[in-house]
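Undergrad: Sharing run-v7.cif, mmCIF, C-alpha atoms and all ligand atoms:
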```cif
data_model
#
loop_
_atom_site.label_atom_id
_atom_site.label_comp_id
_atom_site.auth_asym_id
_atom_site.auth_seq_id
_atom_site.Cartn_x
_atom_site.Cartn_y
_atom_site.Cartn_z
CA MET A 217 19.04 -15.00 7.61
CA THR A 218 17.70 -11.51 8.31
CA VAL A 219 15.90 -9.95 5.35
CA ARG A 220 16.73 -6.29 4.84
CA LEU A 221 13.68 -4.35 3.70
CA HIS A 222 14.54 -1.15 1.84
CA GLN A 223 11.64 1.24 2.03
CA PHE A 224 10.50 4.77 2.76
CA ALA A 225 10.56 5.90 6.39
CA PRO A 226 7.26 5.38 8.25
CA GLY A 227 4.72 8.09 7.47
CA PHE A 228 1.14 9.29 7.95
CA GLY A 229 1.09 7.56 11.34
CA LEU A 230 1.47 4.17 9.63
CA PRO A 231 4.34 1.71 9.26
CA ASN A 232 4.54 3.13 5.76
CA GLY A 233 2.74 5.74 3.67
CA SER A 234 3.55 3.57 0.64
CA PRO A 235 1.05 0.71 0.46
CA PHE A 236 3.63 -1.43 -1.36
CA CYS A 237 6.23 -0.98 1.39
CA MET A 238 3.61 -1.55 4.09
CA LYS A 239 2.43 -4.69 2.32
CA ALA A 240 5.98 -6.09 2.23
CA GLU A 241 6.51 -5.44 5.93
CA ALA A 242 3.07 -6.82 6.81
CA TYR A 243 3.89 -9.98 4.88
CA LEU A 244 7.26 -10.40 6.65
CA ARG A 245 5.51 -10.12 10.01
CA MET A 246 2.60 -12.38 9.10
CA ALA A 247 4.98 -15.04 7.76
CA GLY A 248 7.18 -14.77 10.88
CA ILE A 249 10.30 -13.95 8.88
CA ASP A 250 13.19 -12.22 10.60
CA TYR A 251 13.71 -8.80 9.01
CA ARG A 252 15.19 -5.37 9.49
CA CYS A 253 13.85 -2.14 7.98
CA GLU A 254 16.28 0.01 6.05
CA ASN A 255 14.21 3.18 6.11
CA GLY A 256 14.97 6.22 4.05
CA ALA A 257 15.72 4.30 0.83
CA LEU A 258 15.43 6.35 -2.36
CA PRO A 259 13.52 5.08 -5.40
CA PHE A 260 16.07 6.30 -7.93
CA ARG A 261 18.70 4.14 -6.24
CA ALA A 262 16.44 1.07 -6.12
CA PRO A 263 17.01 -1.86 -8.52
CA ARG A 264 13.74 -1.14 -10.37
CA ARG A 265 13.55 2.55 -9.40
CA LYS A 266 10.65 1.91 -7.06
CA LEU A 267 10.31 0.86 -3.41
CA PRO A 268 10.31 -1.57 -1.71
CA TRP A 269 13.13 -3.95 -2.45
CA ILE A 270 14.85 -6.54 -0.26
CA ASP A 271 18.29 -7.98 0.24
CA ASP A 272 17.90 -11.58 1.38
CA GLY A 273 21.42 -12.71 2.23
CA GLY A 274 22.80 -11.23 -0.98
CA THR A 275 19.77 -12.03 -3.18
CA VAL A 276 18.21 -8.76 -4.26
CA VAL A 277 14.50 -8.77 -5.08
CA ALA A 278 12.57 -5.68 -6.18
CA ASP A 279 8.78 -5.24 -6.29
CA SER A 280 6.49 -6.25 -3.43
CA GLY A 281 4.87 -8.99 -5.51
CA PHE A 282 8.19 -10.59 -6.43
CA ILE A 283 9.34 -10.16 -2.83
CA VAL A 284 6.35 -12.14 -1.56
CA ARG A 285 6.81 -14.86 -4.20
CA HIS A 286 10.54 -15.10 -3.39
CA LEU A 287 9.89 -15.42 0.33
CA GLU A 288 7.08 -17.91 -0.24
CA ALA A 289 9.42 -20.06 -2.32
CA SER A 290 12.53 -19.77 -0.15
CA ARG A 291 11.07 -20.29 3.34
CA GLY A 292 9.90 -23.65 4.64
CA ALA A 293 6.30 -22.86 5.52
CA PRO A 294 4.67 -20.63 2.93
CA LEU A 295 1.88 -18.45 4.29
CA ASP A 296 -0.22 -19.22 1.20
CA GLY A 297 0.33 -22.98 1.29
CA TRP A 298 -3.26 -23.70 2.38
CA LEU A 299 -4.92 -21.76 -0.47
CA SER A 300 -6.80 -23.55 -3.25
CA ALA A 301 -6.23 -22.57 -6.88
CA ARG A 302 -9.55 -20.74 -6.75
CA ASP A 303 -8.54 -18.83 -3.61
CA ARG A 304 -5.33 -17.80 -5.32
CA ALA A 305 -7.24 -16.58 -8.35
CA ILE A 306 -9.52 -14.46 -6.16
CA GLY A 307 -6.55 -13.13 -4.21
CA HIS A 308 -4.78 -12.31 -7.45
CA GLY A 309 -7.81 -10.35 -8.65
CA VAL A 310 -7.99 -8.38 -5.40
CA GLN A 311 -4.27 -7.66 -5.48
CA ARG A 312 -4.25 -6.46 -9.07
CA THR A 313 -7.35 -4.31 -8.48
CA LEU A 314 -5.85 -2.56 -5.47
CA GLU A 315 -2.33 -2.24 -6.84
CA GLU A 316 -2.98 -1.39 -10.46
CA ASN A 317 -6.26 0.51 -10.21
CA THR A 318 -7.12 1.74 -6.70
CA TYR A 319 -3.52 2.87 -6.26
CA TRP A 320 -3.98 5.54 -8.94
CA VAL A 321 -7.09 6.86 -7.25
CA ALA A 322 -5.00 7.21 -4.08
CA ILE A 323 -2.25 8.93 -6.05
CA HIS A 324 -4.82 11.43 -7.32
CA TYR A 325 -6.08 12.30 -3.83
CA ARG A 326 -2.60 12.52 -2.32
CA TRP A 327 -0.55 14.13 -5.06
CA VAL A 328 -2.89 15.89 -7.49
CA ASP A 329 -5.95 17.02 -5.51
CA GLU A 330 -4.97 20.26 -3.76
CA PRO A 331 -6.14 19.59 -0.15
CA GLY A 332 -4.49 16.15 -0.10
CA TRP A 333 -1.31 17.50 -1.63
CA ARG A 334 -0.94 19.98 1.25
CA LEU A 335 -0.81 17.07 3.71
CA THR A 336 1.36 14.92 1.43
CA ARG A 337 3.85 17.76 0.94
CA GLN A 338 4.09 18.29 4.69
CA GLN A 339 4.47 14.56 5.33
CA PHE A 340 7.16 13.76 2.76
CA PHE A 341 9.01 17.03 2.33
CA GLY A 342 8.21 19.04 5.47
CA ALA A 343 11.40 17.97 7.25
CA LEU A 344 13.66 19.23 4.44
CA PRO A 345 14.94 22.82 4.35
CA PRO A 346 12.09 24.91 2.81
CA GLY A 347 13.81 25.62 -0.54
CA VAL A 348 14.94 22.03 -1.03
CA GLY A 349 11.64 20.57 0.19
CA GLY A 350 9.69 22.88 -2.11
CA LEU A 351 11.74 21.94 -5.17
CA VAL A 352 11.89 18.18 -4.52
CA GLY A 353 8.18 18.14 -3.73
CA TRP A 354 7.37 20.04 -6.92
CA ILE A 355 9.43 17.59 -9.02
CA ALA A 356 7.87 14.55 -7.35
CA ARG A 357 4.36 15.96 -7.74
CA ARG A 358 4.91 16.76 -11.41
CA LYS A 359 6.12 13.18 -12.03
CA LEU A 360 3.20 11.56 -10.25
CA ARG A 361 0.69 13.85 -11.93
CA ARG A 362 2.13 12.78 -15.31
CA ASP A 363 2.14 9.12 -14.27
CA CYS A 364 -1.51 9.41 -13.21
CA LEU A 365 -2.42 10.95 -16.57
CA GLY A 366 -0.40 8.35 -18.47
CA GLN A 367 -2.03 5.49 -16.59
CA GLY A 368 -5.41 7.05 -17.38
CA THR A 369 -7.04 7.70 -14.02
CA GLY A 370 -5.92 11.32 -14.10
CA LEU A 371 -7.84 11.88 -17.33
CA HIS A 372 -11.19 11.46 -15.57
CA THR A 373 -13.42 14.02 -13.87
CA ALA A 374 -13.41 14.24 -10.07
CA GLU A 375 -16.74 12.41 -9.93
CA GLU A 376 -15.50 9.62 -12.19
CA ILE A 377 -12.33 9.15 -10.11
CA ALA A 378 -14.47 8.88 -6.99
CA ALA A 379 -16.70 6.30 -8.71
CA ILE A 380 -13.64 4.22 -9.71
CA GLY A 381 -12.36 4.15 -6.13
CA ARG A 382 -15.76 3.49 -4.55
CA ALA A 383 -16.37 0.51 -6.84
CA ASP A 384 -13.06 -1.10 -5.79
CA PHE A 385 -13.78 -0.77 -2.08
CA ASP A 386 -17.37 -1.96 -2.56
CA ALA A 387 -16.00 -5.11 -4.18
CA LEU A 388 -13.59 -5.63 -1.28
CA ALA A 389 -16.41 -5.08 1.23
CA THR A 390 -18.53 -7.70 -0.55
CA LEU A 391 -15.71 -10.25 -0.33
CA LEU A 392 -15.21 -9.57 3.37
CA ASP A 393 -18.90 -9.46 4.19
CA ASP A 394 -19.47 -13.16 4.79
CA GLY A 395 -18.12 -13.21 8.30
CA ARG A 396 -14.64 -14.40 7.42
CA GLU A 397 -11.79 -13.50 9.63
CA TYR A 398 -9.35 -13.02 6.78
CA LEU A 399 -9.79 -12.22 3.11
CA LEU A 400 -9.79 -15.83 1.93
CA GLY A 401 -11.06 -17.67 4.97
CA ALA A 402 -10.17 -18.47 8.56
CA ARG A 403 -6.42 -18.18 8.03
CA PRO A 404 -4.25 -15.31 6.83
CA SER A 405 -2.63 -15.24 3.41
CA SER A 406 -0.31 -12.88 1.59
CA TYR A 407 -3.38 -11.24 0.07
CA ASP A 408 -4.32 -9.95 3.52
CA ALA A 409 -1.05 -8.02 3.54
CA VAL A 410 -2.21 -6.30 0.33
CA ALA A 411 -5.71 -5.55 1.63
CA LEU A 412 -4.41 -4.31 4.98
CA ALA A 413 -1.84 -1.98 3.41
CA PHE A 414 -4.33 -0.37 1.03
CA LEU A 415 -7.14 -0.10 3.57
CA ALA A 416 -4.92 1.38 6.30
CA ASN A 417 -3.50 3.86 3.81
CA LEU A 418 -7.05 4.97 3.10
CA LEU A 419 -8.87 4.70 6.41
CA TRP A 420 -6.10 5.59 8.90
CA VAL A 421 -4.69 8.52 6.90
CA PRO A 422 -6.66 11.76 7.33
CA ILE A 423 -6.69 12.76 3.67
CA ASP A 424 -10.32 13.48 3.04
CA SER A 425 -11.89 12.21 -0.19
CA PRO A 426 -15.28 10.91 -1.33
CA VAL A 427 -13.72 7.44 -1.53
CA ARG A 428 -12.46 7.56 2.06
CA ARG A 429 -15.84 8.85 3.31
CA HIS A 430 -17.57 6.05 1.41
CA ALA A 431 -15.26 3.36 2.80
CA LEU A 432 -15.55 4.70 6.35
CA GLN A 433 -19.29 4.06 6.16
CA GLN A 434 -18.73 0.35 5.59
CA PRO A 435 -18.30 -1.34 8.98
CA VAL A 436 -16.88 -4.49 7.42
CA LEU A 437 -13.94 -2.56 5.93
CA VAL A 438 -13.30 -0.55 9.09
CA ALA A 439 -13.44 -3.65 11.32
CA TYR A 440 -11.13 -5.67 9.06
CA CYS A 441 -8.59 -2.86 8.88
CA ASP A 442 -8.65 -2.27 12.63
CA ARG A 443 -8.27 -5.92 13.60
CA MET A 444 -5.53 -6.53 11.04
CA MET A 445 -3.62 -3.50 12.29
CA THR A 446 -3.96 -4.76 15.87
CA ARG A 447 -2.68 -8.19 14.86
CA VAL A 448 0.12 -7.21 12.51
CA PHE A 449 1.22 -3.77 13.74
CA PRO A 450 0.07 -3.64 17.38
CA GLU A 451 2.44 -0.75 18.17
CA TYR A 452 0.35 1.56 15.95
CA ARG A 453 -2.74 3.25 17.35
CA LYS A 454 -5.82 4.20 15.38
CA PRO A 455 -5.83 7.99 14.87
N1 LIG B 501 4.81 -2.94 -8.41
C1 LIG B 501 5.62 -2.29 -7.42
C2 LIG B 501 5.13 -0.87 -7.21
C3 LIG B 501 6.00 -0.09 -6.23
C4 LIG B 501 5.69 1.41 -6.25
O1 LIG B 501 4.92 1.90 -7.07
N2 LIG B 501 6.34 2.11 -5.32
C5 LIG B 501 6.20 3.54 -5.28
C6 LIG B 501 5.90 4.03 -3.88
S1 LIG B 501 4.23 3.62 -3.41
C7 LIG B 501 7.52 4.19 -5.68
O2 LIG B 501 8.57 3.76 -5.27
N3 LIG B 501 7.44 5.25 -6.46
C8 LIG B 501 8.60 6.00 -6.84
C9 LIG B 501 8.48 6.56 -8.19
O3 LIG B 501 7.51 6.29 -8.91
O4 LIG B 501 9.41 7.29 -8.55
C10 LIG B 501 5.58 -3.10 -6.13
O5 LIG B 501 4.67 -3.93 -5.96
O6 LIG B 501 6.49 -2.98 -5.31
#
```
Rewrite the structure from the file as structure tokens, please.
TA:
Amino acid sequence: MTVRLHQFAPGFGLPNGSPFCMKAEAYLRMAGIDYRCENGALPFRAPRRKLPWIDDGGTVVADSGFIVRHLEASRGAPLDGWLSARDRAIGHGVQRTLEENTYWVAIHYRWVDEPGWRLTRQQFFGALPPGVGGLVGWIARRKLRRDCLGQGTGLHTAEEIAAIGRADFDALATLLDDGREYLLGARPSSYDAVALAFLANLLWVPIDSPVRRHALQQPVLVAYCDRMMTRVFPEYRKP
């Protein structure tokens, strides 16, 4: 059964400019599951008003985390089957850090910070007619700015936001810095799809920020991202 992955169109020179959509596609590839991308999906039409979501032979699953759990449970050979309970706990911590904390730092640099917003606007709305693109972009930016304030990251100073992001990537670098091939050992797991999606969306996207500059100076992060991209998305070239 072919899984239909509803997501944004590829962007920023990556399979997806949304780390959640890129994670879902990375997982599908890593788990060897037959899938088809339905690009150009719209969040307000999605089952939970966010992307990605999947249609798996009539079963609709929204949210990248639930998608992974559904596919792990419904396919014969789960990618995470070899993990110990401790590995899973570490993976869970990494996932929640990147998705619920680092994500908002990325939102700040892409949607709130002026230089990043110029690139984001061009990327997501540049193909629309100028009036429409300008209005839709303004509405989307206003929403994400409010979300970022509501979540709390947007309440901080620029230096504090940078410190929040740097600390997350330092923690990831420490975990990867013991010579392991993948995040949790010698074999891939679903948590590598998370780490890959967030690292590529930082390191391979030319939106300058103190967090990106900091991460680029950590060879272990750069090497992991590059080798995972080569393995999972070999058709993409490092910019
Ligand atoms: N927990 C969700 C988060 C998904 C998410 O935040 N998607 C963003 C794109 S990166 C989205 O669709 N945002 C649309 C909006 O907030 O209106 C998941 O893991 O899939």
Undergrad: Which of these, A:Leu432, A:Ala262, A:Ala409, A:Met444, has the shortest distance to A:Leu221 once you count only C-alpha atoms?
TA: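 Nearest to A:Leu221: A:Ala262.
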Undergrad: Around the point (7.5, 17.2, 2.0), in the coordinates given by the file, pick out the residues reaching within 12 Å, counting only C-alpha atoms, and return them as number ranges by chain.
TA: A: 227-228, 326-327, 333-357
Undergrad: In Å, with one decimal, what is the gap from atom CA of A:Ile423 to atom CA of A:Thr369?
TA: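 Straight-line distance from atom CA of A:Ile423 to atom CA of A:Thr369 works out to 18.4 Å.
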Undergrad: Quick one: which chain A residues come within 6 Å of ligand LIG 501 (chain B), and what is the nearest atom pair for each with the distance in Å to one decimal, counting only C-alpha atoms and all ligand atoms, rows ordered by chain and ascending number, as JSON lines?
TA:
```
{"residue": "A:Ser234", "atom": "CA", "partner": "B:LIG501", "partner_atom": "S1", "distance": 4.1}
{"residue": "A:Pro235", "atom": "CA", "partner": "B:LIG501", "partner_atom": "S1", "distance": 5.8}
{"residue": "A:Phe236", "atom": "CA", "partner": "B:LIG501", "partner_atom": "O6", "distance": 5.1}
{"residue": "A:Pro259", "atom": "CA", "partner": "B:LIG501", "partner_atom": "O2", "distance": 5.1}
{"residue": "A:Lys266", "atom": "CA", "partner": "B:LIG501", "partner_atom": "O2", "distance": 3.3}
{"residue": "A:Leu267", "atom": "CA", "partner": "B:LIG501", "partner_atom": "O2", "distance": 3.9}
{"residue": "A:Pro268", "atom": "CA", "partner": "B:LIG501", "partner_atom": "O6", "distance": 5.4}
{"residue": "A:Asp279", "atom": "CA", "partner": "B:LIG501", "partner_atom": "O6", "distance": 3.4}
{"residue": "A:Ser280", "atom": "CA", "partner": "B:LIG501", "partner_atom": "O6", "distance": 3.8}
{"residue": "A:Gly281", "atom": "CA", "partner": "B:LIG501", "partner_atom": "O5", "distance": 5.1}
```
Undergrad: Of the residues A:Phe224, A:Tyr325, A:Tyr251, A:Tyr407, which is the one nearest to A:Arg285, using all atoms listed in the file?
TA: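 Comparing A:Phe224, A:Tyr325, A:Tyr251, A:Tyr407 against A:Arg285, the winner is A:Tyr407.
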Undergrad: Between A:Ala242, A:Met217, A:Val448, A:Val410, single out the one closest to A:Asp272, counting all atoms listed in the file.
TA: A:Met217
Undergrad: Env of stretch 378-380 of chain A: 9 Å cut, atoms = only C-alpha atoms, seq-sep filter 2 positions within chain, self excluded. Answer as a list in words.
TA: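 Skipping anything fewer than 2 positions along the chain leaves Asn317, Thr318, Val321, Thr369, Thr373, Ala374, Glu375, Glu376, Arg382, Ala383, Asp384, Ser425, Pro426 and Val427 of chain A.
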Undergrad: Distance atom CA of A:Val421-atom CA of A:His222, one decimal place?
TA: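 Between atom CA of A:Val421 and atom CA of A:His222 the gap is 22.1 Å.
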Undergrad: Could you please give me, as a list of chain:residue names, the residues of protein, DNA or RNA lying at most 12 Å from (-2.5, 6.1, 18.2) in the coordinate frame of the file, considering all atoms listed in the file?
TA: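 Here the neighbourhood of the point contains A:Phe228, A:Gly229, A:Leu230, A:Trp420, A:Val421, A:Asp442, A:Met445, A:Thr446, A:Phe449, A:Pro450, A:Glu451, A:Tyr452, A:Arg453, A:Lys454, A:Pro455.
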Undergrad: What is the atom CA of A:Ala413 to atom CA of A:Met238 distance in Å?
TA: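 Value for the atom CA of A:Ala413-atom CA of A:Met238 distance: 5.5 Å.
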